[in-house]
file final_0.cif (mmCIF, C-alpha atoms)
data_upload
loop_
_atom_site.group_PDB
_atom_site.id
_atom_site.type_symbol
_atom_site.label_atom_id
_atom_site.label_comp_id
_atom_site.auth_asym_id
_atom_site.auth_seq_id
_atom_site.Cartn_x
_atom_site.Cartn_y
_atom_site.Cartn_z
ATOM 1 C CA MET A 1 0.000 0.000 0.000
ATOM 2 C CA PRO A 2 1.318 3.497 -0.791
ATOM 3 C CA LEU A 3 1.543 6.022 2.016
ATOM 4 C CA ALA A 4 -1.227 8.151 0.449
ATOM 5 C CA PHE A 5 -4.220 7.027 -1.582
ATOM 6 C CA ILE A 6 -7.909 7.726 -2.202
ATOM 7 C CA PRO A 7 -10.101 5.356 -0.171
ATOM 8 C CA SER A 8 -13.198 3.763 -1.648
ATOM 9 C CA PRO A 9 -16.517 3.883 0.228
ATOM 10 C CA SER A 10 -17.055 0.896 2.469
ATOM 11 C CA ILE A 11 -20.696 0.782 1.378
ATOM 12 C CA GLY A 12 -22.421 1.843 -1.808
ATOM 13 C CA GLU A 13 -25.855 2.467 -0.340
ATOM 14 C CA ILE A 14 -27.686 3.443 2.809
ATOM 15 C CA HIS A 15 -31.261 2.700 3.800
ATOM 16 C CA LEU A 16 -33.802 5.345 4.723
ATOM 17 C CA GLY A 17 -36.204 3.023 6.423
ATOM 18 C CA SER A 18 -37.058 0.449 3.773
ATOM 19 C CA LEU A 19 -35.927 2.734 0.921
ATOM 20 C CA PRO A 20 -32.382 2.071 -0.359
ATOM 21 C CA LEU A 21 -30.400 5.160 -1.346
ATOM 22 C CA ARG A 22 -27.599 4.085 -3.682
ATOM 23 C CA GLY A 23 -24.624 6.347 -4.218
ATOM 24 C CA TYR A 24 -24.465 5.471 -7.915
ATOM 25 C CA SER A 25 -28.070 6.484 -8.544
ATOM 26 C CA LEU A 26 -27.743 9.601 -6.403
ATOM 27 C CA MET A 27 -24.770 10.909 -8.394
ATOM 28 C CA LEU A 28 -26.607 10.270 -11.679
ATOM 29 C CA ILE A 29 -29.603 12.248 -10.412
ATOM 30 C CA LEU A 30 -27.375 15.109 -9.237
ATOM 31 C CA GLY A 31 -25.595 15.122 -12.594
ATOM 32 C CA ILE A 32 -28.871 15.336 -14.499
ATOM 33 C CA ALA A 33 -30.089 18.141 -12.224
ATOM 34 C CA ALA A 34 -26.867 20.106 -12.787
ATOM 35 C CA ALA A 35 -27.105 19.651 -16.550
ATOM 36 C CA VAL A 36 -30.715 20.890 -16.621
ATOM 37 C CA TRP A 37 -29.861 23.836 -14.351
ATOM 38 C CA LEU A 38 -26.924 25.063 -16.438
ATOM 39 C CA GLY A 39 -28.717 24.341 -19.698
ATOM 40 C CA GLY A 40 -31.730 26.324 -18.515
ATOM 41 C CA ARG A 41 -29.579 29.326 -17.615
ATOM 42 C CA ARG A 42 -27.834 29.298 -20.982
ATOM 43 C CA TRP A 43 -31.089 28.846 -22.900
ATOM 44 C CA ALA A 44 -32.683 31.743 -21.012
ATOM 45 C CA ALA A 45 -29.607 33.907 -21.724
ATOM 46 C CA ARG A 46 -30.303 33.350 -25.415
ATOM 47 C CA GLY A 47 -33.818 34.674 -25.054
ATOM 48 C CA GLY A 48 -35.607 31.362 -24.614
ATOM 49 C CA GLU A 49 -37.914 30.161 -21.893
ATOM 50 C CA LYS A 50 -35.926 28.447 -19.142
ATOM 51 C CA THR A 51 -38.694 25.875 -18.655
ATOM 52 C CA VAL A 52 -38.150 24.588 -22.204
ATOM 53 C CA VAL A 53 -34.971 22.829 -21.068
ATOM 54 C CA THR A 54 -36.905 21.007 -18.357
ATOM 55 C CA ASP A 55 -39.650 20.086 -20.810
ATOM 56 C CA VAL A 56 -37.141 18.665 -23.309
ATOM 57 C CA ALA A 57 -35.238 16.901 -20.516
ATOM 58 C CA LEU A 58 -38.394 14.976 -19.661
ATOM 59 C CA TRP A 59 -37.937 13.302 -23.053
ATOM 60 C CA ALA A 60 -34.142 13.315 -23.345
ATOM 61 C CA VAL A 61 -33.317 11.858 -19.917
ATOM 62 C CA PRO A 62 -35.408 8.646 -20.124
ATOM 63 C CA PHE A 63 -34.255 8.012 -23.698
ATOM 64 C CA GLY A 64 -30.686 8.704 -22.630
ATOM 65 C CA VAL A 65 -30.839 6.319 -19.673
ATOM 66 C CA VAL A 66 -32.284 3.537 -21.819
ATOM 67 C CA GLY A 67 -29.717 4.164 -24.541
ATOM 68 C CA ALA A 68 -26.870 4.192 -22.019
ATOM 69 C CA ARG A 69 -27.933 0.898 -20.497
ATOM 70 C CA LEU A 70 -28.519 -0.747 -23.873
ATOM 71 C CA TYR A 71 -25.050 0.251 -25.058
ATOM 72 C CA HIS A 72 -23.467 -1.240 -21.939
ATOM 73 C CA VAL A 73 -25.466 -4.466 -22.102
ATOM 74 C CA VAL A 74 -24.786 -4.973 -25.820
ATOM 75 C CA THR A 75 -21.057 -4.255 -25.561
ATOM 76 C CA SER A 76 -20.586 -6.129 -22.256
ATOM 77 C CA SER A 77 -23.098 -8.921 -22.682
ATOM 78 C CA GLU A 78 -21.283 -11.764 -20.885
ATOM 79 C CA PRO A 79 -22.576 -11.004 -17.354
ATOM 80 C CA TYR A 80 -26.121 -10.979 -18.695
ATOM 81 C CA PHE A 81 -26.336 -13.431 -21.586
ATOM 82 C CA GLY A 82 -23.102 -15.406 -21.398
ATOM 83 C CA ARG A 83 -22.424 -18.612 -19.510
ATOM 84 C CA ASP A 84 -23.772 -18.287 -15.966
ATOM 85 C CA GLY A 85 -25.171 -14.867 -16.908
ATOM 86 C CA ASP A 86 -28.416 -13.467 -15.544
ATOM 87 C CA PRO A 87 -30.514 -11.603 -18.153
ATOM 88 C CA LEU A 88 -32.630 -10.030 -15.410
ATOM 89 C CA LYS A 89 -29.576 -8.115 -14.150
ATOM 90 C CA ALA A 90 -29.591 -6.142 -17.378
ATOM 91 C CA LEU A 91 -32.351 -4.107 -15.734
ATOM 92 C CA PHE A 92 -30.340 -3.397 -12.562
ATOM 93 C CA ILE A 93 -28.878 -0.065 -13.656
ATOM 94 C CA TRP A 94 -28.220 0.925 -10.035
ATOM 95 C CA ASP A 95 -25.478 -1.741 -9.886
ATOM 96 C CA GLY A 96 -23.476 0.245 -12.445
ATOM 97 C CA GLY A 97 -22.924 -0.123 -16.153
ATOM 98 C CA ILE A 98 -23.959 2.624 -18.530
ATOM 99 C CA GLY A 99 -22.360 3.793 -21.775
ATOM 100 C CA ILE A 100 -22.058 7.500 -22.494
ATOM 101 C CA TRP A 101 -22.233 6.818 -26.237
ATOM 102 C CA GLY A 102 -25.626 5.198 -25.814
ATOM 103 C CA ALA A 103 -26.706 8.017 -23.507
ATOM 104 C CA ILE A 104 -25.854 10.634 -26.126
ATOM 105 C CA ALA A 105 -27.548 8.697 -28.932
ATOM 106 C CA GLY A 106 -30.679 7.955 -26.915
ATOM 107 C CA GLY A 107 -30.731 11.429 -25.396
ATOM 108 C CA ALA A 108 -30.478 12.972 -28.859
ATOM 109 C CA VAL A 109 -33.556 11.059 -29.978
ATOM 110 C CA GLY A 110 -35.464 12.182 -26.898
ATOM 111 C CA ALA A 111 -34.251 15.772 -27.300
ATOM 112 C CA TRP A 112 -35.367 15.767 -30.936
ATOM 113 C CA ILE A 113 -38.861 14.722 -29.856
ATOM 114 C CA GLY A 114 -38.915 17.292 -27.046
ATOM 115 C CA CYS A 115 -37.670 20.090 -29.295
ATOM 116 C CA ARG A 116 -40.290 19.328 -31.923
ATOM 117 C CA ARG A 117 -43.029 19.383 -29.304
ATOM 118 C CA ASN A 118 -41.771 22.744 -27.987
ATOM 119 C CA GLY A 119 -41.096 24.252 -31.410
ATOM 120 C CA VAL A 120 -37.377 24.945 -30.899
ATOM 121 C CA PRO A 121 -34.444 24.074 -33.207
ATOM 122 C CA LEU A 122 -32.511 21.014 -32.056
ATOM 123 C CA SER A 123 -29.136 22.510 -33.010
ATOM 124 C CA ALA A 124 -29.733 25.681 -30.970
ATOM 125 C CA PHE A 125 -30.916 23.610 -28.016
ATOM 126 C CA ALA A 126 -27.865 21.324 -28.253
ATOM 127 C CA ASP A 127 -25.540 24.338 -28.271
ATOM 128 C CA ALA A 128 -27.176 25.701 -25.117
ATOM 129 C CA VAL A 129 -27.043 22.464 -23.125
ATOM 130 C CA ALA A 130 -23.611 21.166 -24.235
ATOM 131 C CA PRO A 131 -21.631 22.554 -21.253
ATOM 132 C CA GLY A 132 -24.329 21.310 -18.892
ATOM 133 C CA ILE A 133 -23.990 17.799 -20.277
ATOM 134 C CA ALA A 134 -20.253 17.887 -19.569
ATOM 135 C CA LEU A 135 -20.929 19.170 -16.049
ATOM 136 C CA GLY A 136 -23.488 16.427 -15.499
ATOM 137 C CA GLN A 137 -20.977 13.809 -16.637
ATOM 138 C CA ALA A 138 -18.378 15.188 -14.235
ATOM 139 C CA ILE A 139 -20.776 14.744 -11.327
ATOM 140 C CA GLY A 140 -22.249 11.451 -12.483
ATOM 141 C CA ARG A 141 -18.830 9.813 -12.762
ATOM 142 C CA TRP A 142 -18.566 9.858 -8.977
ATOM 143 C CA GLY A 143 -21.196 7.143 -8.968
ATOM 144 C CA ASN A 144 -18.434 4.809 -10.165
ATOM 145 C CA TRP A 145 -16.515 5.610 -6.978
ATOM 146 C CA PHE A 146 -19.339 4.203 -4.853
ATOM 147 C CA ASN A 147 -19.387 1.007 -6.932
ATOM 148 C CA GLN A 148 -15.569 0.679 -7.019
ATOM 149 C CA GLU A 149 -15.489 0.552 -10.812
ATOM 150 C CA LEU A 150 -14.008 2.518 -13.692
ATOM 151 C CA TYR A 151 -10.416 2.384 -12.488
ATOM 152 C CA GLY A 152 -7.208 1.896 -14.438
ATOM 153 C CA ARG A 153 -3.949 0.037 -14.058
ATOM 154 C CA ALA A 154 -2.329 -0.616 -10.702
ATOM 155 C CA SER A 155 -0.591 2.464 -9.340
ATOM 156 C CA THR A 156 1.238 3.687 -6.239
ATOM 157 C CA LEU A 157 0.721 7.374 -6.963
ATOM 158 C CA PRO A 158 -0.497 9.483 -4.006
ATOM 159 C CA TRP A 159 -3.893 9.843 -5.675
ATOM 160 C CA ALA A 160 -4.248 6.144 -6.498
ATOM 161 C CA LEU A 161 -7.615 4.603 -5.655
ATOM 162 C CA GLU A 162 -7.926 1.820 -3.103
ATOM 163 C CA ILE A 163 -10.026 -1.083 -4.399
ATOM 164 C CA ASP A 164 -11.386 -3.853 -2.190
ATOM 165 C CA PRO A 165 -10.194 -7.385 -3.073
ATOM 166 C CA VAL A 166 -13.616 -8.444 -4.371
ATOM 167 C CA HIS A 167 -13.527 -5.697 -7.020
ATOM 168 C CA ARG A 168 -9.908 -6.149 -8.161
ATOM 169 C CA PRO A 169 -8.834 -7.834 -11.426
ATOM 170 C CA GLU A 170 -7.826 -11.454 -10.921
ATOM 171 C CA ALA A 171 -4.409 -10.844 -12.445
ATOM 172 C CA THR A 172 -3.554 -8.193 -9.823
ATOM 173 C CA SER A 173 -5.646 -9.307 -6.874
ATOM 174 C CA ASP A 174 -2.675 -8.751 -4.558
ATOM 175 C CA LEU A 175 -2.403 -5.067 -5.528
ATOM 176 C CA ALA A 176 -4.646 -2.652 -3.648
ATOM 177 C CA THR A 177 -4.409 0.713 -5.446
ATOM 178 C CA TYR A 178 -5.161 1.713 -9.044
ATOM 179 C CA HIS A 179 -5.435 4.767 -11.277
ATOM 180 C CA PRO A 180 -8.765 6.527 -10.465
ATOM 181 C CA ALA A 181 -10.007 6.654 -14.054
ATOM 182 C CA PHE A 182 -13.405 7.893 -12.901
ATOM 183 C CA LEU A 183 -11.706 10.898 -11.261
ATOM 184 C CA TYR A 184 -9.627 11.623 -14.359
ATOM 185 C CA GLU A 185 -12.770 11.647 -16.484
ATOM 186 C CA SER A 186 -14.656 13.800 -13.979
ATOM 187 C CA LEU A 187 -11.886 16.427 -14.012
ATOM 188 C CA TRP A 188 -11.616 16.224 -17.789
ATOM 189 C CA CYS A 189 -15.366 16.841 -18.156
ATOM 190 C CA LEU A 190 -15.107 19.917 -15.927
ATOM 191 C CA GLY A 191 -12.368 21.174 -18.230
ATOM 192 C CA VAL A 192 -14.528 20.449 -21.280
ATOM 193 C CA ALA A 193 -17.434 22.411 -19.772
ATOM 194 C CA ALA A 194 -15.135 25.377 -19.119
ATOM 195 C CA LEU A 195 -13.615 25.163 -22.613
ATOM 196 C CA VAL A 196 -17.001 25.054 -24.326
ATOM 197 C CA MET A 197 -18.362 28.015 -22.357
ATOM 198 C CA TRP A 198 -15.215 30.035 -23.061
ATOM 199 C CA ALA A 199 -15.285 29.202 -26.782
ATOM 200 C CA ASP A 200 -18.981 30.040 -26.978
ATOM 201 C CA ARG A 201 -18.264 33.475 -25.495
ATOM 202 C CA ARG A 202 -15.162 34.098 -27.577
ATOM 203 C CA PHE A 203 -16.300 32.795 -30.975
ATOM 204 C CA ARG A 204 -19.493 32.656 -32.978
ATOM 205 C CA LEU A 205 -20.328 29.018 -32.339
ATOM 206 C CA ASP A 206 -23.885 28.323 -33.433
ATOM 207 C CA CYS A 207 -25.732 25.819 -35.631
ATOM 208 C CA GLY A 208 -24.595 22.895 -33.508
ATOM 209 C CA ARG A 209 -20.926 23.876 -33.362
ATOM 210 C CA THR A 210 -20.880 24.303 -29.581
ATOM 211 C CA PHE A 211 -22.169 20.765 -29.174
ATOM 212 C CA ALA A 212 -19.672 19.494 -31.756
ATOM 213 C CA LEU A 213 -16.817 21.105 -29.797
ATOM 214 C CA TYR A 214 -18.053 19.430 -26.619
ATOM 215 C CA ALA A 215 -18.206 16.044 -28.341
ATOM 216 C CA ALA A 216 -14.738 16.369 -29.882
ATOM 217 C CA ALA A 217 -13.110 17.595 -26.662
ATOM 218 C CA TYR A 218 -14.737 14.860 -24.593
ATOM 219 C CA CYS A 219 -13.572 12.167 -27.002
ATOM 220 C CA VAL A 220 -9.939 13.280 -26.696
ATOM 221 C CA GLY A 221 -10.043 12.715 -22.950
ATOM 222 C CA ARG A 222 -12.117 9.571 -23.139
ATOM 223 C CA PHE A 223 -9.609 7.983 -25.516
ATOM 224 C CA TRP A 224 -6.611 8.161 -23.160
ATOM 225 C CA ILE A 225 -8.674 7.448 -20.046
ATOM 226 C CA GLU A 226 -10.185 4.376 -21.703
ATOM 227 C CA TYR A 227 -6.674 3.253 -22.606
ATOM 228 C CA LEU A 228 -5.823 3.098 -18.876
ATOM 229 C CA ARG A 229 -8.647 0.745 -17.981
ATOM 230 C CA VAL A 230 -8.002 -2.919 -17.192
ATOM 231 C CA ASP A 231 -11.529 -4.325 -16.985
ATOM 232 C CA GLU A 232 -12.696 -6.781 -19.610
ATOM 233 C CA ALA A 233 -13.757 -5.229 -22.919
ATOM 234 C CA HIS A 234 -14.087 -6.136 -26.574
ATOM 235 C CA ARG A 235 -10.942 -5.255 -28.513
ATOM 236 C CA ILE A 236 -10.443 -4.530 -32.196
ATOM 237 C CA LEU A 237 -6.865 -4.342 -33.528
ATOM 238 C CA GLY A 238 -5.562 -3.982 -30.001
ATOM 239 C CA LEU A 239 -7.837 -1.095 -28.982
ATOM 240 C CA ARG A 240 -10.857 -1.283 -26.728
ATOM 241 C CA LEU A 241 -14.231 -0.863 -28.411
ATOM 242 C CA ASN A 242 -14.817 2.426 -26.596
ATOM 243 C CA ASP A 243 -11.522 3.760 -27.943
ATOM 244 C CA TRP A 244 -12.713 3.102 -31.488
ATOM 245 C CA THR A 245 -16.050 4.724 -30.680
ATOM 246 C CA ALA A 246 -14.241 7.789 -29.317
ATOM 247 C CA LEU A 247 -12.146 8.018 -32.495
ATOM 248 C CA LEU A 248 -15.201 7.793 -34.757
ATOM 249 C CA VAL A 249 -17.240 10.311 -32.750
ATOM 250 C CA PHE A 250 -14.263 12.689 -32.628
ATOM 251 C CA ALA A 251 -13.795 12.469 -36.402
ATOM 252 C CA ALA A 252 -17.497 13.138 -37.016
ATOM 253 C CA ALA A 253 -17.660 16.027 -34.532
ATOM 254 C CA PHE A 254 -14.458 17.626 -35.822
ATOM 255 C CA ALA A 255 -15.572 17.328 -39.445
ATOM 256 C CA TYR A 256 -18.940 18.892 -38.589
ATOM 257 C CA LEU A 257 -17.248 21.704 -36.653
ATOM 258 C CA ILE A 258 -15.000 22.580 -39.609
ATOM 259 C CA ALA A 259 -17.778 22.315 -42.215
ATOM 260 C CA ALA A 260 -20.270 24.332 -40.150
ATOM 261 C CA THR A 261 -17.670 27.001 -39.429
ATOM 262 C CA ARG A 262 -16.920 27.386 -43.119
ATOM 263 C CA ARG A 263 -20.612 27.658 -43.925
ATOM 264 C CA ALA A 264 -21.038 30.305 -41.218
ATOM 265 C CA ALA A 265 -18.042 32.251 -42.543
ATOM 266 C CA ASP A 266 -19.364 32.068 -46.101
ATOM 267 C CA SER A 267 -22.749 33.330 -44.990
ATOM 268 C CA ARG A 268 -21.057 36.362 -43.416
ATOM 269 C CA GLY A 269 -19.010 36.972 -46.526
ATOM 270 C CA ASP A 270 -15.754 36.444 -44.658
ATOM 271 C CA ALA A 271 -12.808 36.002 -46.992
ATOM 272 C CA ASP A 272 -11.036 33.765 -44.516
ATOM 273 C CA ALA A 273 -13.626 30.991 -44.543
ATOM 274 C CA GLY A 274 -13.083 28.396 -41.877
ATOM 275 C CA ARG A 275 -11.547 30.759 -39.297
ATOM 276 C CA LEU A 276 -13.305 31.043 -35.944
ATOM 277 C CA LEU A 277 -14.140 34.741 -35.739
ATOM 278 C CA PRO A 278 -13.730 36.443 -32.340
ATOM 279 C CA ARG A 279 -16.718 38.230 -30.893
ATOM 280 C CA LEU A 280 -15.569 41.821 -30.879
ATOM 281 C CA ASP A 281 -18.775 43.141 -29.407
ATOM 282 C CA ALA A 282 -18.843 41.709 -25.888
ATOM 283 C CA THR A 283 -22.290 43.153 -25.258
ATOM 284 C CA SER A 284 -23.770 41.036 -28.019
ATOM 285 C CA SER A 285 -22.388 37.710 -26.808
ATOM 286 C CA PRO A 286 -24.801 35.518 -24.863
ATOM 287 C CA LYS A 287 -24.156 34.902 -21.210
ATOM 288 C CA SER A 288 -23.138 31.418 -20.095
#

call {"tool": "encode", "arguments": {"input": "final_0.cif", "output": "structure tokens"}}
result
Amino acid sequence: MPLAFIPSPSIGEIHLGSLPLRGYSLMLILGIAAAVWLGGRRWAARGGEKTVVTDVALWAVPFGVVGARLYHVVTSSEPYFGRDGDPLKALFIWDGGIGIWGAIAGGAVGAWIGCRRNGVPLSAFADAVAPGIALGQAIGRWGNWFNQELYGRASTLPWALEIDPVHRPEATSDLATYHPAFLYESLWCLGVAALVMWADRRFRLDCGRTFALYAAAYCVGRFWIEYLRVDEAHRILGLRLNDWTALLVFAAAFAYLIAATRRAADSRGDADAGRLLPRLDATSSPKS
């Protein structure tokens, strides 16, 4: 054991009478609340009704949760449908196991429905809520701490995470501390939220470009954090499946960001098409 390390919770839930309060579920709820709060503020700063974000979230959140769980179950099917698997456990989302890629895909479908019902453009809505999504991810990742999951290789760094023997990989069951991958991703998401809000103030990022920047920036961090992980995962050409997903999403988001920026520059008659133009008039930039 190193002299300094991050301890893991001894329990992942407490009971309020007969009602179990699980740390994993609590952090997900807090993350969603933070995302709706920040998204509502940014939407209102753009002249919209703050309640629209809540109305759309009522569609986006359930679709996102279902999509997140489906992605995890499909890409990590052995505990549910493999030998000695229990299909019923696929419904036990409070035990951990969601995929952000499925959450974004499912949430996008729900947001599209919610935006249509409220008569607002999906791209404008996505731009407003992008930093809030990153903030929500930063908070939600702490749910993995309660479940002692989402950690990386063994480490003796002062900020290494202590893992109980029952949750350790078989190959390193004698080693107690590991890279806190959940913490790395939480801090990275906070940085992404700050980057996106700064870029939205500094540059004319509209038509879905703010959301594209969020997606691209998140994928950069997710790629190297995923590379640290030691839990079982499908691999293609030596890379984990989530690494390939991060690469594909990054490529799509980056390509969209460049193409949309060029279209925006052309529409303004800017000779230097493709350059992100600074907002010279600070009074005209929306508040974040």

call {"tool": "closest_atom_pairs", "arguments": {"input": "final_0.cif", "of": "region 20-114 of chain A", "to": "region 215-218 of chain A", "cutoff": "12 Å", "atoms": "only C-alpha atoms", "output": "JSON lines"}}
result
{"residue": "A:Ile100", "atom": "CA", "partner": "A:Tyr218", "partner_atom": "CA", "distance": 10.6}
{"residue": "A:Trp101", "atom": "CA", "partner": "A:Ala215", "partner_atom": "CA", "distance": 10.3}
{"residue": "A:Ile104", "atom": "CA", "partner": "A:Ala215", "partner_atom": "CA", "distance": 9.6}
{"residue": "A:Ala105", "atom": "CA", "partner": "A:Ala215", "partner_atom": "CA", "distance": 11.9}

call {"tool": "closest_residue", "arguments": {"input": "final_0.cif", "among": "A:Gly99, A:Pro7, A:Pro87, A:Gly31", "to": "His72 (chain A)", "atoms": "all atoms listed in the file"}}
result
A:Gly99

call {"tool": "resolve_selection", "arguments": {"input": "final_0.cif", "expression": "the PyMOL selection byres ((chain A and resi 73-80) around 12)", "output": "JSON, numbers by chain"}}
result
{"A": [66, 67, 68, 69, 70, 71, 72, 81, 82, 83, 84, 85, 86, 87, 88, 89, 90, 91, 92, 93, 96, 97, 98, 99, 101, 102, 231, 232, 233, 234, 235, 240, 241, 242, 245]}

call {"tool": "atom_distance", "arguments": {"input": "final_0.cif", "atom1": "CA of Leu247 (chain A)", "atom2": "CA of Ala193 (chain A)"}}
result
19.9 Å

call {"tool": "residues_around", "arguments": {"input": "final_0.cif", "residues": "Ala111 (chain A)", "least_positions_apart": "3", "cutoff": "9 Å", "atoms": "all atoms listed in the file", "output": "list of chain:residue names"}}
result
A:Val56, A:Ala57, A:Leu58, A:Trp59, A:Ala60, A:Val61, A:Phe63, A:Gly106, A:Gly107, A:Ala108, A:Gly114, A:Cys115, A:Arg116, A:Leu122, A:Phe125, A:Ala126
